[in-house]
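Reading through the structure tokens given below for one structure.
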Amino acid sequence: MPVRVGVVVFPGSNCDRDTIHGLAVAGAEPVELWHEQASLEGVAAVILPGGFAYGDYLRAGVIARFSPVMRSIGDFARDGGLVLGICNGFQVLAEAGLVPGALLRNRSLRFAGRDVSIVAERRDTPFTRAIDTPGPLRMPVAHGEGCYYADETTLDALERDGAVLFRYVRPDGTRAEPGDPANPNGSLRAIAGVVNAAGNVAGLMPHPERASEAILGSVDGLGILRSLVESAAERAAGTRPVGVGSR
Amino acid sequence: MSSFRFAVNVTPKPGILDPQGRAVEGSLGHLGIEGVSAVRVGRRVELTVDARDEASARTIVERLASELLSNPLIESYAVETLAAASSTVGAAGEA
């Protein structure tokens with residue numbers, strides 16, 4: 001029986017259907033979770049999809065943070081439940097304090113909608129363990145507020161603790177220097193995604209669900225969805241502890 | 001119960017990149033204006049609170065400002081008390 005993975009639908013979510021499709025391709029049974037419901041319906045993992053939850057008014061992600069479903073997801077995450085935020089979902093997790101840092105307006109002030117290359121800095125997490133592509137992963141970004149920010153002390157701690165999960169790189173895999181167009185939003189240290197200290201909540205700005213089938217031009221994102229689905233399935237079966245903790 | 005009118009001014013913390021401020025600053029040359037620097041763009045939220053007294057109204061505003069209106073990682077806020085005259089909701093001129 002496929003593992004049930006929840007996809008939250010906020011008013012203004014617009015990647016929920018793509019994420020549901022991508023999860024089915026990755027072998028899960030997707031379950032829609034409406035923002036006004038407090039029940040997570042017994043899912044083994046949750047994805048917060050991309051979009052513009054509550055119109056992104058005030059700050060991207062902040063109003064979504066106070067919805068009934070997010071209160072439940074906060075408890076779920078604190079109990080070790082697997083949560084992945086994609087794009088706007090990452091912004092919601094950051095506003096909720098479930099992952100470190102903040103997402104600022106893109107340095108260019110322009111919406112960035114194009115393919116980027118990222119590397120998974122760790123492949124031993126519930127979000128990256130099934131990635132089988134040797135080089136950088138190619139997938140789209142589509143956001144106006146994706147510039148990752150944390151203060152220098154926090155950034156050093158994140159690097160040290162292995163909390164930097166994805167980083168923007170040039171297509172050949174070399175590091176994106178400051179000002180490099182390979183870093184689409186000016187993120188500090190070219191950070192594209194992070195994982196929390198407990199290792200069970202992660203967020204990234206690029207869209208793996210938009211790169212999960214050959215017809216979409218790339219299958220590099222499928223490894224991320226498959227990682228989550230496999231980890232969730234193990235959790236549901238109770239065969240392996242959730243999260244890997246920090247190094 | 002009385003009504004109290006406040007403004008919450010939210011600004012990016014010092015050192016936080018503010019691309020909007022930089023864009024505004026960059027446009028000043030087109031206006032022929034010189035000598036303006038360190039432009040920071042923030043947001044101002046005005047609101048009315050019904051409470052026993054001003055102190056309890058302010059407590060509510062402080063909570064709202066720190067938990068919702070600002071993100072403490074990147075922004076600071078200042079609460080300002082507005083004159084009662086401006087508390088008329090939907091006053092003329094407010095389109």
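The chains in the structure tokens are called A, B, ... from first to last as shown; in each chain the residues are counted from 1, and the ligands are counted from 1 in the order shown.
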8 Å contacts from chain A to chain B using only C-alpha atoms, as a list in words: Leu58, Val62, Ile63, Glu95, Gly101, Ala102, Arg105, Asn106, Arg107, Ser108, Leu109 and Ala150 of chain A
N, CA and C atoms of the current selection, written as a PDB file, in the first residue's frame:
```pdb
ATOM      1  N   LEU A  58       1.693  41.223   3.482  1.00  0.00           N
ATOM      2  CA  LEU A  58       2.546  41.555   4.629  1.00  0.00           C
ATOM      3  C   LEU A  58       3.969  41.041   4.394  1.00  0.00           C
ATOM      4  N   VAL A  62       3.860  34.642   5.981  1.00  0.00           N
ATOM      5  CA  VAL A  62       3.603  34.934   7.403  1.00  0.00           C
ATOM      6  C   VAL A  62       2.160  34.672   7.803  1.00  0.00           C
ATOM      7  N   ILE A  63       1.208  34.976   6.945  1.00  0.00           N
ATOM      8  CA  ILE A  63      -0.191  34.807   7.345  1.00  0.00           C
ATOM      9  C   ILE A  63      -0.545  33.321   7.360  1.00  0.00           C
ATOM     10  N   GLU A  95       9.057  31.556   8.221  1.00  0.00           N
ATOM     11  CA  GLU A  95       8.273  32.486   9.040  1.00  0.00           C
ATOM     12  C   GLU A  95       7.805  31.806  10.326  1.00  0.00           C
ATOM     13  N   GLY A 101      16.522  30.995   9.411  1.00  0.00           N
ATOM     14  CA  GLY A 101      16.739  32.002   8.375  1.00  0.00           C
ATOM     15  C   GLY A 101      15.473  32.668   7.894  1.00  0.00           C
ATOM     16  N   ALA A 102      15.646  33.540   6.893  1.00  0.00           N
ATOM     17  CA  ALA A 102      14.531  34.287   6.308  1.00  0.00           C
ATOM     18  C   ALA A 102      14.771  34.411   4.813  1.00  0.00           C
ATOM     19  N   ARG A 105      13.468  39.749  -0.365  1.00  0.00           N
ATOM     20  CA  ARG A 105      13.267  40.123  -1.763  1.00  0.00           C
ATOM     21  C   ARG A 105      14.533  39.804  -2.572  1.00  0.00           C
ATOM     22  N   ASN A 106      14.358  39.257  -3.764  1.00  0.00           N
ATOM     23  CA  ASN A 106      15.512  38.970  -4.624  1.00  0.00           C
ATOM     24  C   ASN A 106      16.373  40.222  -4.764  1.00  0.00           C
ATOM     25  N   ARG A 107      17.677  40.024  -4.736  1.00  0.00           N
ATOM     26  CA  ARG A 107      18.593  41.146  -4.828  1.00  0.00           C
ATOM     27  C   ARG A 107      18.351  41.983  -6.080  1.00  0.00           C
ATOM     28  N   SER A 108      17.948  41.312  -7.168  1.00  0.00           N
ATOM     29  CA  SER A 108      17.720  42.006  -8.440  1.00  0.00           C
ATOM     30  C   SER A 108      16.416  42.793  -8.431  1.00  0.00           C
ATOM     31  N   LEU A 109      15.578  42.558  -7.426  1.00  0.00           N
ATOM     32  CA  LEU A 109      14.211  43.098  -7.353  1.00  0.00           C
ATOM     33  C   LEU A 109      13.293  42.503  -8.410  1.00  0.00           C
ATOM     34  N   ALA A 150      20.569  34.899   6.798  1.00  0.00           N
ATOM     35  CA  ALA A 150      20.720  34.697   8.237  1.00  0.00           C
ATOM     36  C   ALA A 150      21.969  35.486   8.599  1.00  0.00           C
TER      37      ALA A 150
END
```
Among the residues of stretch 10-95 of chain B, find those DSSP assigns to strand (DSSP E or B) from the backbone and print them as an mmCIF file with N, CA and C atoms, in the first residue's frame.
```cif
data_model
loop_
_atom_site.group_PDB
_atom_site.id
_atom_site.type_symbol
_atom_site.label_atom_id
_atom_site.label_comp_id
_atom_site.auth_asym_id
_atom_site.auth_seq_id
_atom_site.Cartn_x
_atom_site.Cartn_y
_atom_site.Cartn_z
ATOM 1 N N VAL B 10 7.616 49.529 10.523
ATOM 2 C CA VAL B 10 8.513 48.378 10.398
ATOM 3 C C VAL B 10 9.606 48.721 9.391
ATOM 4 N N THR B 11 10.863 48.538 9.806
ATOM 5 C CA THR B 11 11.975 48.859 8.901
ATOM 6 C C THR B 11 12.993 47.720 8.896
ATOM 7 N N PRO B 12 13.702 47.554 7.764
ATOM 8 C CA PRO B 12 14.745 46.536 7.751
ATOM 9 C C PRO B 12 15.838 46.889 8.762
ATOM 10 N N ARG B 43 7.578 49.571 6.099
ATOM 11 C CA ARG B 43 6.117 49.546 5.936
ATOM 12 C C ARG B 43 5.502 50.133 7.193
ATOM 13 N N ARG B 44 4.365 50.776 7.006
ATOM 14 C CA ARG B 44 3.680 51.395 8.131
ATOM 15 C C ARG B 44 2.274 50.835 8.208
ATOM 16 N N VAL B 45 1.907 50.364 9.390
ATOM 17 C CA VAL B 45 0.574 49.788 9.584
ATOM 18 C C VAL B 45 -0.137 50.632 10.630
ATOM 19 N N GLU B 46 -1.316 51.162 10.296
ATOM 20 C CA GLU B 46 -2.098 51.936 11.258
ATOM 21 C C GLU B 46 -3.289 51.099 11.709
ATOM 22 N N LEU B 47 -3.596 51.155 12.986
ATOM 23 C CA LEU B 47 -4.696 50.323 13.479
ATOM 24 C C LEU B 47 -5.344 50.934 14.715
ATOM 25 N N THR B 48 -6.595 50.521 14.950
ATOM 26 C CA THR B 48 -7.352 50.975 16.113
ATOM 27 C C THR B 48 -7.572 49.803 17.057
ATOM 28 N N VAL B 49 -7.335 50.012 18.339
ATOM 29 C CA VAL B 49 -7.511 48.953 19.335
ATOM 30 C C VAL B 49 -8.521 49.422 20.373
ATOM 31 N N ASP B 50 -9.517 48.567 20.659
ATOM 32 C CA ASP B 50 -10.461 48.846 21.735
ATOM 33 C C ASP B 50 -9.934 48.183 23.002
ATOM 34 N N ALA B 51 -9.736 48.967 24.043
ATOM 35 C CA ALA B 51 -9.203 48.419 25.288
ATOM 36 C C ALA B 51 -9.589 49.318 26.453
ATOM 37 N N GLU B 75 13.773 42.534 10.688
ATOM 38 C CA GLU B 75 13.118 43.842 10.783
ATOM 39 C C GLU B 75 13.015 44.317 12.228
ATOM 40 N N SER B 76 13.028 45.654 12.410
ATOM 41 C CA SER B 76 12.687 46.213 13.710
ATOM 42 C C SER B 76 11.389 46.992 13.561
ATOM 43 N N TYR B 77 10.744 47.271 14.684
ATOM 44 C CA TYR B 77 9.513 48.050 14.611
ATOM 45 C C TYR B 77 9.492 49.094 15.705
ATOM 46 N N ALA B 78 8.706 50.138 15.491
ATOM 47 C CA ALA B 78 8.469 51.142 16.516
ATOM 48 C C ALA B 78 6.982 51.442 16.530
ATOM 49 N N VAL B 79 6.410 51.481 17.739
ATOM 50 C CA VAL B 79 4.984 51.763 17.876
ATOM 51 C C VAL B 79 4.814 53.248 18.177
ATOM 52 N N GLU B 80 3.865 53.852 17.501
ATOM 53 C CA GLU B 80 3.633 55.287 17.626
ATOM 54 C C GLU B 80 2.161 55.472 18.004
ATOM 55 N N THR B 81 1.882 56.333 18.963
ATOM 56 C CA THR B 81 0.483 56.626 19.307
ATOM 57 C C THR B 81 -0.002 57.751 18.412
#
```
All residues 12 Å or closer to A:Arg175, only C-alpha atoms, same chain fewer than 2 positions away omitted, as a list in words: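 Skipping anything fewer than 2 positions along the chain leaves Ser117, Ile118, Val119, Glu121, Pro136, Phe166, Arg167, Tyr168, Val169, Arg170, Pro171, Asp172, Gly173, Glu177, Pro178, Gly179, Asp180, Pro181, Ala182, Asn183, Arg189, Ala190 and Ile191 of chain A.
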Kindly save the residues from that selection, with N, CA and C atoms included, as an mmCIF file, in the first residue's frame.
```
data_model
loop_
_atom_site.group_PDB
_atom_site.id
_atom_site.type_symbol
_atom_site.label_atom_id
_atom_site.label_comp_id
_atom_site.auth_asym_id
_atom_site.auth_seq_id
_atom_site.Cartn_x
_atom_site.Cartn_y
_atom_site.Cartn_z
ATOM 1 N N SER A 117 20.844 25.359 -11.400
ATOM 2 C CA SER A 117 21.535 24.142 -10.972
ATOM 3 C C SER A 117 21.782 24.237 -9.478
ATOM 4 N N ILE A 118 21.514 23.134 -8.795
ATOM 5 C CA ILE A 118 21.804 23.092 -7.355
ATOM 6 C C ILE A 118 22.544 21.795 -7.033
ATOM 7 N N VAL A 119 23.313 21.819 -5.955
ATOM 8 C CA VAL A 119 23.895 20.564 -5.463
ATOM 9 C C VAL A 119 23.285 20.244 -4.108
ATOM 10 N N GLU A 121 24.107 19.191 -0.695
ATOM 11 C CA GLU A 121 25.326 19.164 0.123
ATOM 12 C C GLU A 121 25.370 17.915 0.994
ATOM 13 N N PRO A 136 25.257 18.129 -10.491
ATOM 14 C CA PRO A 136 24.250 19.074 -10.012
ATOM 15 C C PRO A 136 22.862 18.705 -10.525
ATOM 16 N N PHE A 166 20.928 22.436 0.227
ATOM 17 C CA PHE A 166 21.120 22.680 -1.212
ATOM 18 C C PHE A 166 21.797 24.028 -1.424
ATOM 19 N N ARG A 167 22.663 24.071 -2.456
ATOM 20 C CA ARG A 167 23.336 25.319 -2.787
ATOM 21 C C ARG A 167 23.268 25.528 -4.296
ATOM 22 N N TYR A 168 23.070 26.782 -4.698
ATOM 23 C CA TYR A 168 23.109 27.108 -6.128
ATOM 24 C C TYR A 168 24.545 26.987 -6.622
ATOM 25 N N VAL A 169 24.701 26.343 -7.783
ATOM 26 C CA VAL A 169 26.022 26.218 -8.401
ATOM 27 C C VAL A 169 25.908 26.560 -9.883
ATOM 28 N N ARG A 170 27.055 26.733 -10.534
ATOM 29 C CA ARG A 170 27.051 26.873 -11.990
ATOM 30 C C ARG A 170 26.691 25.520 -12.598
ATOM 31 N N PRO A 171 26.238 25.534 -13.851
ATOM 32 C CA PRO A 171 25.835 24.266 -14.468
ATOM 33 C C PRO A 171 26.930 23.195 -14.422
ATOM 34 N N ASP A 172 28.206 23.602 -14.390
ATOM 35 C CA ASP A 172 29.279 22.605 -14.331
ATOM 36 C C ASP A 172 29.572 22.165 -12.898
ATOM 37 N N GLY A 173 28.801 22.663 -11.951
ATOM 38 C CA GLY A 173 28.954 22.212 -10.569
ATOM 39 C C GLY A 173 29.896 23.060 -9.733
ATOM 40 N N GLU A 177 29.836 32.299 -7.267
ATOM 41 C CA GLU A 177 30.440 33.373 -6.475
ATOM 42 C C GLU A 177 29.400 34.479 -6.277
ATOM 43 N N PRO A 178 29.637 35.388 -5.286
ATOM 44 C CA PRO A 178 28.674 36.487 -5.104
ATOM 45 C C PRO A 178 28.482 37.268 -6.413
ATOM 46 N N GLY A 179 27.243 37.546 -6.735
ATOM 47 C CA GLY A 179 26.949 38.278 -7.965
ATOM 48 C C GLY A 179 26.828 37.389 -9.181
ATOM 49 N N ASP A 180 27.101 36.104 -9.015
ATOM 50 C CA ASP A 180 27.034 35.157 -10.128
ATOM 51 C C ASP A 180 25.575 34.908 -10.507
ATOM 52 N N PRO A 181 25.231 34.979 -11.805
ATOM 53 C CA PRO A 181 23.842 34.720 -12.193
ATOM 54 C C PRO A 181 23.378 33.291 -11.877
ATOM 55 N N ALA A 182 24.320 32.384 -11.589
ATOM 56 C CA ALA A 182 23.928 31.027 -11.203
ATOM 57 C C ALA A 182 23.159 31.031 -9.882
ATOM 58 N N ASN A 183 23.372 32.094 -9.096
ATOM 59 C CA ASN A 183 22.611 32.289 -7.854
ATOM 60 C C ASN A 183 21.479 33.261 -8.196
ATOM 61 N N ARG A 189 25.771 32.910 0.771
ATOM 62 C CA ARG A 189 26.485 31.631 0.620
ATOM 63 C C ARG A 189 25.805 30.717 -0.396
ATOM 64 N N ALA A 190 25.033 31.339 -1.304
ATOM 65 C CA ALA A 190 24.353 30.613 -2.387
ATOM 66 C C ALA A 190 23.444 29.504 -1.860
ATOM 67 N N ILE A 191 22.856 29.739 -0.688
ATOM 68 C CA ILE A 191 22.008 28.708 -0.065
ATOM 69 C C ILE A 191 20.648 28.644 -0.757
#
```
Shell around A:Phe90 at 8 Å using only C-alpha atoms, local window under 3 positions removed, as a list in words: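 Using only C-alpha atoms, the neighbours found are Leu48, Leu84, Gly85, Ile86, Cys87, Leu93, Ala94, Ala202, Gly203, Leu204 and Met205 of chain A.
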For the residues in that selection, give me N, CA and C atoms as a CSV table (one decimal), in the first residue's frame.
```
chain,number,residue,atom,x,y,z
A,48,LEU,N,4.6,21.4,2.0
A,48,LEU,CA,4.0,22.7,1.8
A,48,LEU,C,4.4,23.2,0.4
A,84,LEU,N,8.4,19.0,4.3
A,84,LEU,CA,9.2,19.6,3.2
A,84,LEU,C,8.5,20.9,2.7
A,85,GLY,N,9.1,22.0,2.7
A,85,GLY,CA,8.6,23.2,2.1
A,85,GLY,C,9.2,23.6,0.8
A,86,ILE,N,8.4,23.7,-0.2
A,86,ILE,CA,9.0,24.1,-1.5
A,86,ILE,C,8.6,25.5,-1.9
A,87,CYS,N,9.6,26.4,-2.2
A,87,CYS,CA,9.3,27.8,-2.6
A,87,CYS,C,8.5,28.5,-1.5
A,93,LEU,N,7.7,27.9,6.3
A,93,LEU,CA,8.4,27.3,7.3
A,93,LEU,C,9.4,28.2,8.0
A,94,ALA,N,10.0,29.1,7.2
A,94,ALA,CA,11.0,30.1,7.8
A,94,ALA,C,10.2,31.1,8.7
A,202,ALA,N,12.7,20.5,6.2
A,202,ALA,CA,13.6,21.1,5.2
A,202,ALA,C,12.8,22.0,4.3
A,203,GLY,N,13.5,23.0,3.7
A,203,GLY,CA,12.8,23.9,2.8
A,203,GLY,C,13.8,24.2,1.7
A,204,LEU,N,13.3,24.4,0.5
A,204,LEU,CA,14.1,24.8,-0.7
A,204,LEU,C,13.3,25.7,-1.6
A,205,MET,N,14.0,26.6,-2.2
A,205,MET,CA,13.3,27.5,-3.2
A,205,MET,C,13.1,26.9,-4.5
```
Distance of atom CA of A:Glu145 from atom CA of A:Ile215, expressed in Å to one decimal place: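 Separation between atom CA of A:Ile215 and atom CA of A:Glu145: 28.0 Å.
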Two-atom distance - atom CA of A:Phe111, atom CA of A:Val92 (Å): 18.3 Å
Coordinates-based distance that separates atom CA of A:Asp79 from atom CA of B:Ala65 (Å, one decimal): 29.0 Å
Helix (DSSP H, G or I) call set, DSSP backbone run, stretch 196-242 of chain A, as a ChimeraX atom specification: /A:208-211,214-216,222-237
Would you pick out the contacts of A:Ile131 at 12 Å or less, using only C-alpha atoms, so that residues sharing its chain but fewer than 2 positions from it are not included, and give the list as a JSON list (two decimals) with C-alpha atoms, in the first residue's frame?
```json
[["chain", "number", "residue", "atom", "x", "y", "z"],
["A", 119, "VAL", "CA", 23.90, 20.56, -5.46],
["A", 120, "ALA", "CA", 22.69, 18.50, -2.54],
["A", 121, "GLU", "CA", 25.33, 19.16, 0.12],
["A", 122, "ARG", "CA", 24.14, 16.10, 1.99],
["A", 123, "ARG", "CA", 22.72, 12.86, 0.65],
["A", 124, "ASP", "CA", 22.11, 11.23, 4.01],
["A", 125, "THR", "CA", 18.90, 13.09, 4.90],
["A", 126, "PRO", "CA", 15.25, 12.01, 4.52],
["A", 127, "PHE", "CA", 15.01, 14.59, 1.71],
["A", 128, "THR", "CA", 18.07, 13.66, -0.34],
["A", 129, "ARG", "CA", 18.92, 9.99, 0.29],
["A", 133, "THR", "CA", 22.13, 11.91, -10.12],
["A", 134, "PRO", "CA", 25.89, 12.24, -9.71],
["A", 135, "GLY", "CA", 26.25, 15.92, -10.70],
["A", 136, "PRO", "CA", 24.25, 19.07, -10.01],
["A", 137, "LEU", "CA", 20.46, 18.89, -10.18],
["A", 208, "PRO", "CA", 11.58, 19.53, -7.63],
["A", 212, "SER", "CA", 9.98, 15.06, -11.95],
["A", 219, "VAL", "CA", 13.81, 14.34, -13.79],
["A", 220, "ASP", "CA", 16.40, 15.70, -11.37],
["A", 221, "GLY", "CA", 13.74, 16.72, -8.85],
["A", 222, "LEU", "CA", 12.25, 13.26, -8.61],
["A", 223, "GLY", "CA", 15.08, 12.07, -6.34],
["A", 224, "ILE", "CA", 14.02, 14.62, -3.72],
["A", 225, "LEU", "CA", 10.36, 13.52, -3.85],
["A", 226, "ARG", "CA", 11.38, 9.84, -3.82],
["A", 227, "SER", "CA", 13.63, 10.46, -0.81],
["A", 228, "LEU", "CA", 10.71, 11.93, 1.11],
["A", 230, "GLU", "CA", 10.81, 6.37, 0.98]]
```
For A:Ala96, please output as a PDB file with C-alpha atoms, in the first residue's frame all residues within 9 Å (counting only C-alpha atoms; exclusion window: fewer than 4 positions along the same chain).
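Generated file (part_29.pdb):
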```pdb
ATOM      1  CA  GLY A  61       4.413  33.050   4.217  1.00  0.00           C
ATOM      2  CA  VAL A  62       3.603  34.934   7.403  1.00  0.00           C
ATOM      3  CA  ALA A  64      -0.178  31.120   6.385  1.00  0.00           C
ATOM      4  CA  ARG A  65       1.861  30.495   9.493  1.00  0.00           C
ATOM      5  CA  PHE A  66      -1.151  31.203  11.714  1.00  0.00           C
ATOM      6  CA  MET A  70       0.101  25.048  10.310  1.00  0.00           C
ATOM      7  CA  GLY A  74       4.166  22.634  14.009  1.00  0.00           C
ATOM      8  CA  GLN A  91       8.909  30.830   3.169  1.00  0.00           C
ATOM      9  CA  VAL A  92       6.066  29.590   5.397  1.00  0.00           C
TER      10      VAL A  92
END
```
